[in-house]
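Trainee: entry_15.cif is reproduced below (mmCIF, C-alpha atoms and all ligand atoms).
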```
data_work
#
loop_
_atom_site.label_atom_id
_atom_site.label_comp_id
_atom_site.auth_asym_id
_atom_site.auth_seq_id
_atom_site.Cartn_x
_atom_site.Cartn_y
_atom_site.Cartn_z
CA MET Z 87 0.59 20.96 -11.70
CA ILE Z 88 3.10 22.55 -9.36
CA LEU Z 89 6.16 20.46 -8.47
CA TYR Z 90 7.79 21.04 -5.08
CA LYS Z 91 11.06 19.47 -4.00
CA GLN Z 92 11.53 21.65 -0.92
CA ILE Z 93 9.41 21.25 2.21
CA SER Z 94 9.40 25.00 2.98
CA ALA Z 95 7.87 25.95 -0.39
CA LEU Z 96 5.25 23.20 -0.17
CA LYS Z 97 4.33 24.26 3.37
CA ALA Z 98 3.84 27.87 2.27
CA PHE Z 99 1.52 26.72 -0.52
CA ILE Z 100 -0.49 24.51 1.85
CA SER Z 101 -0.91 27.17 4.52
CA GLN Z 102 -1.98 29.75 1.91
CA ASN Z 103 -4.64 27.32 0.63
CA LYS Z 104 -5.82 26.47 4.13
CA GLN Z 105 -6.23 30.19 4.86
CA GLU Z 106 -8.42 30.41 1.77
CA GLY Z 107 -10.57 27.61 3.16
CA ASN Z 108 -9.49 24.95 0.66
CA SER Z 109 -9.48 21.33 1.76
CA ILE Z 110 -6.26 19.41 1.15
CA GLY Z 111 -6.28 15.78 0.07
CA PHE Z 112 -3.06 13.75 0.05
CA VAL Z 113 -2.03 10.66 -1.93
CA PRO Z 114 1.40 9.34 -0.87
CA THR Z 115 3.06 6.99 -3.38
CA MET Z 116 6.41 5.50 -4.28
CA GLY Z 117 5.95 6.35 -7.96
CA ALA Z 118 5.97 3.97 -10.94
CA LEU Z 119 2.36 5.05 -11.15
CA HIS Z 120 -0.46 2.97 -12.61
CA ASN Z 121 -4.22 3.36 -12.79
CA GLY Z 122 -4.60 2.13 -9.20
CA HIS Z 123 -2.72 5.23 -8.03
CA ILE Z 124 -4.75 7.37 -10.43
CA SER Z 125 -8.01 6.05 -8.92
CA LEU Z 126 -6.80 7.47 -5.58
CA ILE Z 127 -5.97 10.80 -7.25
CA SER Z 128 -9.45 10.92 -8.86
CA ASN Z 129 -11.21 10.14 -5.61
CA CYS Z 130 -9.10 12.73 -3.80
CA LYS Z 131 -9.89 15.33 -6.48
CA SER Z 132 -13.62 14.68 -6.15
CA GLN Z 133 -13.50 15.32 -2.39
CA ASN Z 134 -10.95 18.15 -2.03
CA GLN Z 135 -10.09 21.51 -3.54
CA ILE Z 136 -6.38 20.67 -3.61
CA THR Z 137 -4.87 17.26 -4.40
CA VAL Z 138 -1.27 16.67 -3.34
CA CYS Z 139 0.56 13.55 -4.51
CA SER Z 140 4.00 12.60 -3.22
CA ILE Z 141 6.51 10.35 -4.91
CA PHE Z 142 9.17 9.11 -2.53
CA VAL Z 143 10.75 5.66 -2.56
CA ASN Z 144 11.29 5.36 1.17
CA PRO Z 145 14.52 3.45 1.89
CA SER Z 146 13.59 2.81 5.52
CA GLN Z 147 10.64 0.55 4.68
CA PHE Z 148 12.57 -1.92 2.52
CA ASN Z 149 13.65 -4.90 4.58
CA ASP Z 150 15.27 -6.35 1.42
CA PRO Z 151 17.96 -4.06 -0.08
CA LYS Z 152 17.62 -5.77 -3.49
CA ASP Z 153 13.91 -4.90 -3.56
CA PHE Z 154 14.83 -1.25 -2.94
CA GLU Z 155 17.52 -1.21 -5.64
CA LYS Z 156 15.18 -2.74 -8.17
CA TYR Z 157 12.10 -0.67 -7.31
CA PRO Z 158 10.87 0.71 -10.66
CA VAL Z 159 11.36 4.43 -11.34
CA THR Z 160 9.36 6.02 -14.19
CA LEU Z 161 9.35 9.68 -13.19
CA GLU Z 162 8.65 11.31 -16.56
CA LYS Z 163 5.68 9.05 -17.20
CA ASP Z 164 4.46 9.61 -13.62
CA ILE Z 165 4.52 13.41 -14.03
CA ASP Z 166 2.67 13.08 -17.32
CA MET Z 167 -0.02 10.83 -15.77
CA LEU Z 168 -0.49 13.16 -12.79
CA GLU Z 169 -0.81 16.21 -15.04
CA LYS Z 170 -3.29 14.49 -17.36
CA ASN Z 171 -5.39 13.49 -14.37
CA GLY Z 172 -5.55 16.93 -12.82
CA CYS Z 173 -3.28 16.49 -9.79
CA ASP Z 174 -2.58 19.97 -8.36
CA VAL Z 175 0.72 19.40 -6.59
CA LEU Z 176 3.50 16.82 -6.82
CA PHE Z 177 5.84 16.66 -3.83
CA LEU Z 178 9.10 15.07 -4.93
CA PRO Z 179 11.53 15.27 -2.02
CA SER Z 180 15.07 13.89 -1.82
CA VAL Z 181 16.03 11.39 0.90
CA ASN Z 182 17.92 14.20 2.61
CA GLU Z 183 14.86 16.47 2.60
CA ILE Z 184 12.78 13.78 4.35
CA TYR Z 185 15.53 12.50 6.65
CA PRO Z 186 17.99 15.39 7.27
CA ASN Z 187 19.42 13.47 10.22
CA GLY Z 188 19.50 10.13 8.44
CA PHE Z 189 17.01 7.33 9.01
CA SER Z 190 19.00 4.89 11.09
CA ASN Z 191 17.63 6.00 14.49
CA PRO Z 192 13.90 5.91 13.83
CA PRO Z 193 11.24 6.50 16.46
CA HIS Z 194 9.41 3.35 17.59
CA TYR Z 195 5.69 3.05 16.92
CA ASP Z 196 3.78 0.68 19.14
CA LEU Z 197 1.77 -1.21 16.54
CA GLY Z 198 1.18 -4.22 18.80
CA TYR Z 199 -0.35 -7.32 17.23
CA LEU Z 200 -0.52 -5.75 13.75
CA GLU Z 201 3.23 -5.87 13.43
CA THR Z 202 3.52 -9.53 14.37
CA VAL Z 203 1.45 -11.13 11.61
CA LEU Z 204 1.42 -11.46 7.82
CA GLU Z 205 3.51 -8.63 6.29
CA GLY Z 206 4.74 -7.75 9.79
CA GLN Z 207 6.04 -11.28 10.25
CA TYR Z 208 7.54 -11.71 6.79
CA ARG Z 209 8.96 -8.18 6.42
CA PRO Z 210 10.54 -7.33 9.79
CA GLY Z 211 10.83 -3.58 10.31
CA HIS Z 212 8.73 -2.79 7.23
CA PHE Z 213 5.79 -1.21 9.07
CA GLN Z 214 8.10 0.83 11.33
CA GLY Z 215 9.57 2.30 8.13
CA VAL Z 216 6.10 2.91 6.71
CA CYS Z 217 5.06 4.72 9.90
CA GLN Z 218 8.28 6.74 9.93
CA VAL Z 219 7.73 8.08 6.42
CA VAL Z 220 3.95 8.54 6.62
CA HIS Z 221 4.31 10.38 9.95
CA ARG Z 222 6.92 12.67 8.39
CA LEU Z 223 4.87 13.25 5.21
CA LEU Z 224 1.67 13.96 7.18
CA ASP Z 225 3.60 16.41 9.36
CA ILE Z 226 4.75 18.24 6.24
CA VAL Z 227 1.54 18.17 4.16
CA GLN Z 228 -0.96 18.42 7.05
CA PRO Z 229 -3.83 17.24 4.84
CA HIS Z 230 -7.48 17.08 5.82
CA ASN Z 231 -7.88 13.75 4.01
CA LEU Z 232 -5.44 10.91 3.32
CA TYR Z 233 -6.10 8.44 0.49
CA LEU Z 234 -4.87 4.84 0.71
CA GLY Z 235 -5.47 1.67 -1.30
CA GLN Z 236 -7.08 -1.49 0.05
CA LYS Z 237 -4.49 -3.33 -2.07
CA ASP Z 238 -2.23 -2.85 0.99
CA TYR Z 239 -4.85 -3.98 3.50
CA GLN Z 240 -2.59 -4.36 6.52
CA GLN Z 241 -0.80 -1.10 5.71
CA CYS Z 242 -4.16 0.70 5.84
CA MET Z 243 -4.71 -0.69 9.35
CA VAL Z 244 -1.18 0.27 10.39
CA ILE Z 245 -1.61 3.84 9.14
CA LYS Z 246 -4.98 4.15 10.91
CA LYS Z 247 -3.19 3.03 14.07
CA LEU Z 248 -0.41 5.57 13.44
CA VAL Z 249 -2.99 8.36 13.14
CA GLU Z 250 -4.55 7.19 16.42
CA LEU Z 251 -1.15 6.97 18.21
CA THR Z 252 0.03 10.39 17.03
CA LYS Z 253 -3.41 12.03 17.37
CA MET Z 254 -2.99 13.64 13.95
CA GLU Z 255 -6.15 15.26 12.68
CA VAL Z 256 -6.56 13.57 9.34
CA GLN Z 257 -9.38 11.54 7.85
CA VAL Z 258 -8.21 8.23 6.35
CA VAL Z 259 -10.07 7.23 3.17
CA ILE Z 260 -9.60 3.66 1.88
CA ASN Z 261 -10.06 3.07 -1.85
CA PRO Z 262 -10.89 -0.27 -3.51
CA THR Z 263 -8.18 -2.25 -5.32
CA LEU Z 264 -7.97 -1.56 -9.03
CA ARG Z 265 -7.28 -4.69 -11.09
CA GLU Z 266 -6.15 -5.56 -14.61
CA ALA Z 267 -8.79 -7.06 -16.92
CA ASP Z 268 -7.78 -10.61 -15.89
CA GLY Z 269 -8.01 -9.80 -12.16
CA LEU Z 270 -4.35 -9.18 -11.27
CA ALA Z 271 -4.12 -6.37 -8.71
CA MET Z 272 -2.33 -3.39 -10.26
CA SER Z 273 1.07 -2.89 -8.66
CA SER Z 274 4.29 -1.05 -9.50
CA ARG Z 275 6.11 -4.35 -8.98
CA ASN Z 276 4.13 -5.91 -11.88
CA MET Z 277 6.50 -3.94 -14.17
CA ARG Z 278 9.29 -6.26 -13.04
CA LEU Z 279 7.50 -9.41 -14.22
CA SER Z 280 8.54 -11.17 -17.42
CA GLU Z 281 5.79 -12.01 -19.91
CA LYS Z 282 5.59 -15.55 -18.55
CA GLU Z 283 5.55 -14.37 -14.93
CA ARG Z 284 2.82 -11.85 -15.79
CA GLN Z 285 0.66 -14.77 -17.04
CA GLN Z 286 1.35 -16.71 -13.83
CA ALA Z 287 0.73 -13.71 -11.56
CA VAL Z 288 -3.03 -13.79 -12.07
CA ARG Z 289 -3.19 -17.07 -10.11
CA ILE Z 290 -2.98 -15.06 -6.88
CA SER Z 291 -6.25 -13.19 -7.43
CA GLU Z 292 -7.83 -16.39 -8.80
CA THR Z 293 -6.86 -18.17 -5.59
CA LEU Z 294 -8.38 -15.43 -3.42
CA LEU Z 295 -11.53 -15.52 -5.54
CA PHE Z 296 -11.68 -19.30 -5.07
CA ILE Z 297 -11.52 -18.83 -1.30
CA GLN Z 298 -14.25 -16.16 -1.52
CA GLN Z 299 -16.49 -18.53 -3.46
CA HIS Z 300 -15.87 -21.62 -1.33
CA ILE Z 301 -15.68 -20.34 2.25
CA LYS Z 302 -18.21 -22.04 4.52
CA PRO Z 303 -18.87 -21.82 8.27
CA GLY Z 304 -16.69 -24.25 10.24
CA PHE Z 305 -13.08 -25.31 9.61
CA THR Z 306 -11.29 -23.11 7.05
CA GLY Z 307 -7.77 -24.55 7.33
CA ASP Z 308 -8.24 -26.93 4.36
CA LEU Z 309 -9.09 -24.02 2.06
CA LYS Z 310 -5.87 -22.22 3.01
CA GLN Z 311 -3.84 -25.39 2.56
CA ARG Z 312 -5.30 -26.01 -0.90
CA ALA Z 313 -4.51 -22.41 -1.85
CA VAL Z 314 -0.86 -22.72 -0.79
CA GLN Z 315 -0.50 -26.06 -2.59
CA TYR Z 316 -2.06 -24.64 -5.76
CA LEU Z 317 0.15 -21.53 -5.85
CA THR Z 318 3.26 -23.60 -5.12
CA ALA Z 319 2.39 -25.97 -7.98
CA GLU Z 320 1.93 -22.91 -10.23
CA GLY Z 321 5.53 -21.83 -9.57
CA PHE Z 322 5.20 -19.44 -6.62
CA LYS Z 323 7.23 -19.38 -3.44
CA VAL Z 324 4.42 -18.67 -1.01
CA ASP Z 325 4.97 -16.56 2.11
CA TYR Z 326 1.37 -16.94 3.24
CA VAL Z 327 -2.24 -17.39 2.29
CA GLU Z 328 -4.37 -16.57 5.31
CA ILE Z 329 -7.96 -15.94 6.25
CA ALA Z 330 -8.41 -13.28 8.92
CA THR Z 331 -11.09 -11.14 10.50
CA ALA Z 332 -11.55 -8.01 8.39
CA ALA Z 333 -11.75 -5.69 11.41
CA SER Z 334 -8.70 -6.79 13.41
CA LEU Z 335 -6.75 -9.16 11.15
CA GLU Z 336 -6.99 -12.02 13.63
CA ILE Z 337 -6.02 -15.22 11.79
CA ILE Z 338 -8.83 -17.78 11.93
CA ASP Z 339 -9.06 -21.52 11.29
CA SER Z 340 -12.76 -21.74 11.90
CA TRP Z 341 -15.54 -19.38 10.82
CA ASP Z 342 -18.83 -18.65 12.58
CA GLY Z 343 -20.51 -17.73 9.30
CA ASN Z 344 -21.06 -14.10 10.37
CA THR Z 345 -17.78 -12.35 11.16
CA PRO Z 346 -16.56 -10.31 8.15
CA LEU Z 347 -13.38 -11.87 6.77
CA VAL Z 348 -10.52 -11.04 4.44
CA ALA Z 349 -8.24 -13.46 2.60
CA LEU Z 350 -4.67 -12.26 2.12
CA ALA Z 351 -1.78 -13.67 0.13
CA ALA Z 352 1.90 -12.91 -0.41
CA ALA Z 353 4.06 -14.90 -2.78
CA TYR Z 354 7.19 -14.62 -4.89
CA LEU Z 355 7.49 -15.21 -8.60
CA ASN Z 356 11.26 -15.59 -8.79
CA GLU Z 357 12.58 -12.25 -7.43
CA VAL Z 358 9.30 -10.35 -7.39
CA ARG Z 359 7.11 -10.42 -4.30
CA LEU Z 360 3.40 -9.86 -4.92
CA ILE Z 361 0.60 -9.29 -2.40
CA ASP Z 362 -3.16 -9.18 -2.75
CA ASN Z 363 -6.29 -9.51 -0.62
CA MET Z 364 -10.04 -9.91 -0.98
CA LEU Z 365 -12.93 -9.31 1.39
CA LEU Z 366 -14.83 -12.58 1.66
CA ASN Z 367 -18.35 -11.74 2.77
P1 LIG L 401 2.71 2.50 -3.55
O1 LIG L 401 3.20 3.48 -4.57
O2 LIG L 401 2.73 1.08 -4.00
O3 LIG L 401 3.31 2.72 -2.20
O4 LIG L 401 1.15 2.82 -3.38
C1 LIG L 401 0.68 4.09 -3.07
C2 LIG L 401 -0.78 3.99 -2.70
O5 LIG L 401 -1.51 3.45 -3.80
C3 LIG L 401 -1.03 3.06 -1.50
O6 LIG L 401 -2.04 3.60 -0.68
C4 LIG L 401 -1.49 1.80 -2.19
O7 LIG L 401 -2.30 0.98 -1.37
C5 LIG L 401 -2.27 2.35 -3.36
N1 LIG L 401 -2.39 1.34 -4.41
C6 LIG L 401 -1.40 0.57 -4.92
N2 LIG L 401 -1.90 -0.29 -5.84
C7 LIG L 401 -3.23 -0.06 -5.90
C8 LIG L 401 -4.31 -0.63 -6.66
N3 LIG L 401 -4.12 -1.62 -7.52
N4 LIG L 401 -5.56 -0.13 -6.46
C9 LIG L 401 -5.77 0.87 -5.58
N5 LIG L 401 -4.80 1.46 -4.84
C10 LIG L 401 -3.55 1.00 -4.99
#
```
Taking this structure as input, can you express it in the form of structure tokens?
Ligand code: AMP

Mentor:
Amino acid sequence: MILYKQISALKAFISQNKQEGNSIGFVPTMGALHNGHISLISNCKSQNQITVCSIFVNPSQFNDPKDFEKYPVTLEKDIDMLEKNGCDVLFLPSVNEIYPNGFSNPPHYDLGYLETVLEGQYRPGHFQGVCQVVHRLLDIVQPHNLYLGQKDYQQCMVIKKLVELTKMEVQVVINPTLREADGLAMSSRNMRLSEKERQQAVRISETLLFIQQHIKPGFTGDLKQRAVQYLTAEGFKVDYVEIATAASLEIIDSWDGNTPLVALAAAYLNEVRLIDNMLLN
């Protein structure tokens, strides 16, 4: 695996490979890698000649400074995992390399409705930061294919919108959520959970599964309410449990029995905020 810290060197490598007709696949991450990330790398490898992974903990997407400070960093292990799984290139830029003029005057991306609900509502500014960094990274890497995880359902929609707004020529590929044996969605933030919290954490995926198994046409509000009550009783501070249309993330309280739906949840276990989602039908 080649490690690049400088944009210029990475760009030279990419343009050389493009001249040779190689397709470039890109997996952006914030590090603290787990098998969910590796599933994206594997999928990318199977569809491209060159797989580029980036590790960059983007300060501009953290609405909570404490969350940024405490974001896990496991660089040596990450490099080892990427090498073992055949990643070709790791891009490991500094904050200064990505934001030479600082990141306090970001461009504004018109994300419309998407930015007003769920993560957009509970993490003000978060998706602007995500767009800022993904736009910058896509500009640098110029990949043919971009690999994202369904684990961050709304983020996938935001990045698709970003690609549309900026007219970048990149194919967005969404990969299914990888889970632990008990159903907990793999996440870098799981590393911050105590043993007891780790046991509790599985209740989120269980709750989404319950919604999946019990959703019926008609009023759905009671199912959401039960889910929030259950998670609260299990020790979570719940931001939301919502049922929304899978295509546009419109929050629904009544279901026609046909429209594809997704259930999404975000909740804190003490300091650690966890999110998950499940397609319902
Ligand atoms: P992160 O490092 O958390 O920013 O995630 C980098 C990429 O990996 C994003 O596209 C995530 O959606 C994806 N990802 C994170 N967790 C999982 C998971 N459990 N399964 C599949 N993809 C994931």

Trainee: So that each row is one residue of chain Z with an atom at most 7 Å from ligand LIG 401 (chain L), can you give its shortest atom pair and the distance in Å to one decimal, using all atoms listed in the file, rows by chain and rising number, as CSV?

Mentor:
```
residue,atom,partner,partner_atom,distance
Z:Val113,CA,L:LIG401,C2,6.8
Z:Pro114,CA,L:LIG401,C1,5.7
Z:Thr115,CA,L:LIG401,O1,3.7
Z:Met116,CA,L:LIG401,O1,3.8
Z:Gly117,CA,L:LIG401,O1,5.2
Z:Ala118,CA,L:LIG401,O1,7.0
Z:Leu119,CA,L:LIG401,O1,6.8
Z:Gly122,CA,L:LIG401,N4,3.7
Z:His123,CA,L:LIG401,O5,4.7
Z:Ser125,CA,L:LIG401,C9,6.6
Z:Leu126,CA,L:LIG401,N5,6.4
Z:Tyr233,CA,L:LIG401,O6,6.4
Z:Leu234,CA,L:LIG401,O6,3.4
Z:Gly235,CA,L:LIG401,O7,3.2
Z:Gln236,CA,L:LIG401,O7,5.6
Z:Lys237,CA,L:LIG401,O7,4.9
Z:Asp238,CA,L:LIG401,O7,4.5
Z:Asn261,CA,L:LIG401,C9,6.1
Z:Pro262,CA,L:LIG401,C9,5.6
Z:Thr263,CA,L:LIG401,N4,3.6
Z:Leu264,CA,L:LIG401,N4,3.8
Z:Arg265,CA,L:LIG401,N3,5.7
Z:Ala271,CA,L:LIG401,N3,4.9
Z:Met272,CA,L:LIG401,N3,3.7
Z:Ser273,CA,L:LIG401,N2,4.9
Z:Ser274,CA,L:LIG401,O2,6.1
```

Trainee: Pick out the residues sitting within 12 Å of Arg284 in chain Z, and hand them over as number ranges by chain; count all atoms listed in the file, and ignore anything fewer than 4 positions along from it in its own chain.

Mentor: Z: 266, 268-273, 275-280, 288-290, 355-356, 358, 360

Trainee: Would you mind telling me which residue in Z:Val159, Z:Tyr316, Z:Ala287, Z:Val216 lies nearest to Pro193 in chain Z when using all atoms listed in the file?

Mentor: Z:Val216

Trainee: I want to know what sits within 9 Å of range 247-251 of chain Z, based on all atoms listed in the file, with residues of the same chain fewer than 2 positions away left out; could you give that as a PyMOL selection string?

Mentor: chain Z and resi 195-197+217+220-221+242-245+253-258

Trainee: Pick out the closest residue to Phe154 in chain Z from this set: Z:Gln298, Z:Glu292, Z:Pro303, Z:Phe142. Count all atoms listed in the file.

Mentor: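 Of the candidates, the smallest distance to Phe154 in chain Z is held by Z:Phe142.
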
Trainee: Measuring atom to atom with only C-alpha atoms, identify which of Z:Val227, Z:Val314, Z:Val175, Z:Ala333 is nearest to Ser94 in chain Z.

Mentor: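 For Ser94 in chain Z, the nearest of the candidates is Z:Val227.
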
Trainee: Could you work out how far CA of Phe322 in chain Z lies from CA of Arg359 in chain Z, giving the answer in Å with one decimal?

Mentor: 9.5 Å

Trainee: Using all atoms listed in the file, which residue out of Z:Tyr157, Z:Phe296, Z:Phe112, Z:Tyr354 lies closest to Asp225 in chain Z?

Mentor: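 Checking each of Z:Tyr157, Z:Phe296, Z:Phe112, Z:Tyr354 against Asp225 in chain Z, counting all atoms listed in the file, the winner is Z:Phe112.
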
Trainee: Interatomic distance between CA of Asp362 in chain Z and CA of Gln240 in chain Z?

Mentor: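 One can read the CA of Asp362 in chain Z to CA of Gln240 in chain Z distance as 10.5 Å.
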
Trainee: Counting all atoms listed in the file, which of Z:Met167, Z:Ile100, Z:Ile361, Z:Leu295 gets nearest to Gln241 in chain Z?

Mentor: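 Counting all atoms listed in the file, the residue closest to Gln241 in chain Z is Z:Ile361.
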
Trainee: Figure out the distance between CA of Leu294 in chain Z and CA of Gly206 in chain Z, please, to one decimal in Å.

Mentor: 20.1 Å

Trainee: Given the choices Z:Tyr185, Z:Val324, Z:Gln228, Z:Leu89, which gets closest to Asn103 in chain Z if the distance is worked out from only C-alpha atoms?

Mentor: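 The answer is Z:Gln228, which sits nearest to Asn103 in chain Z.
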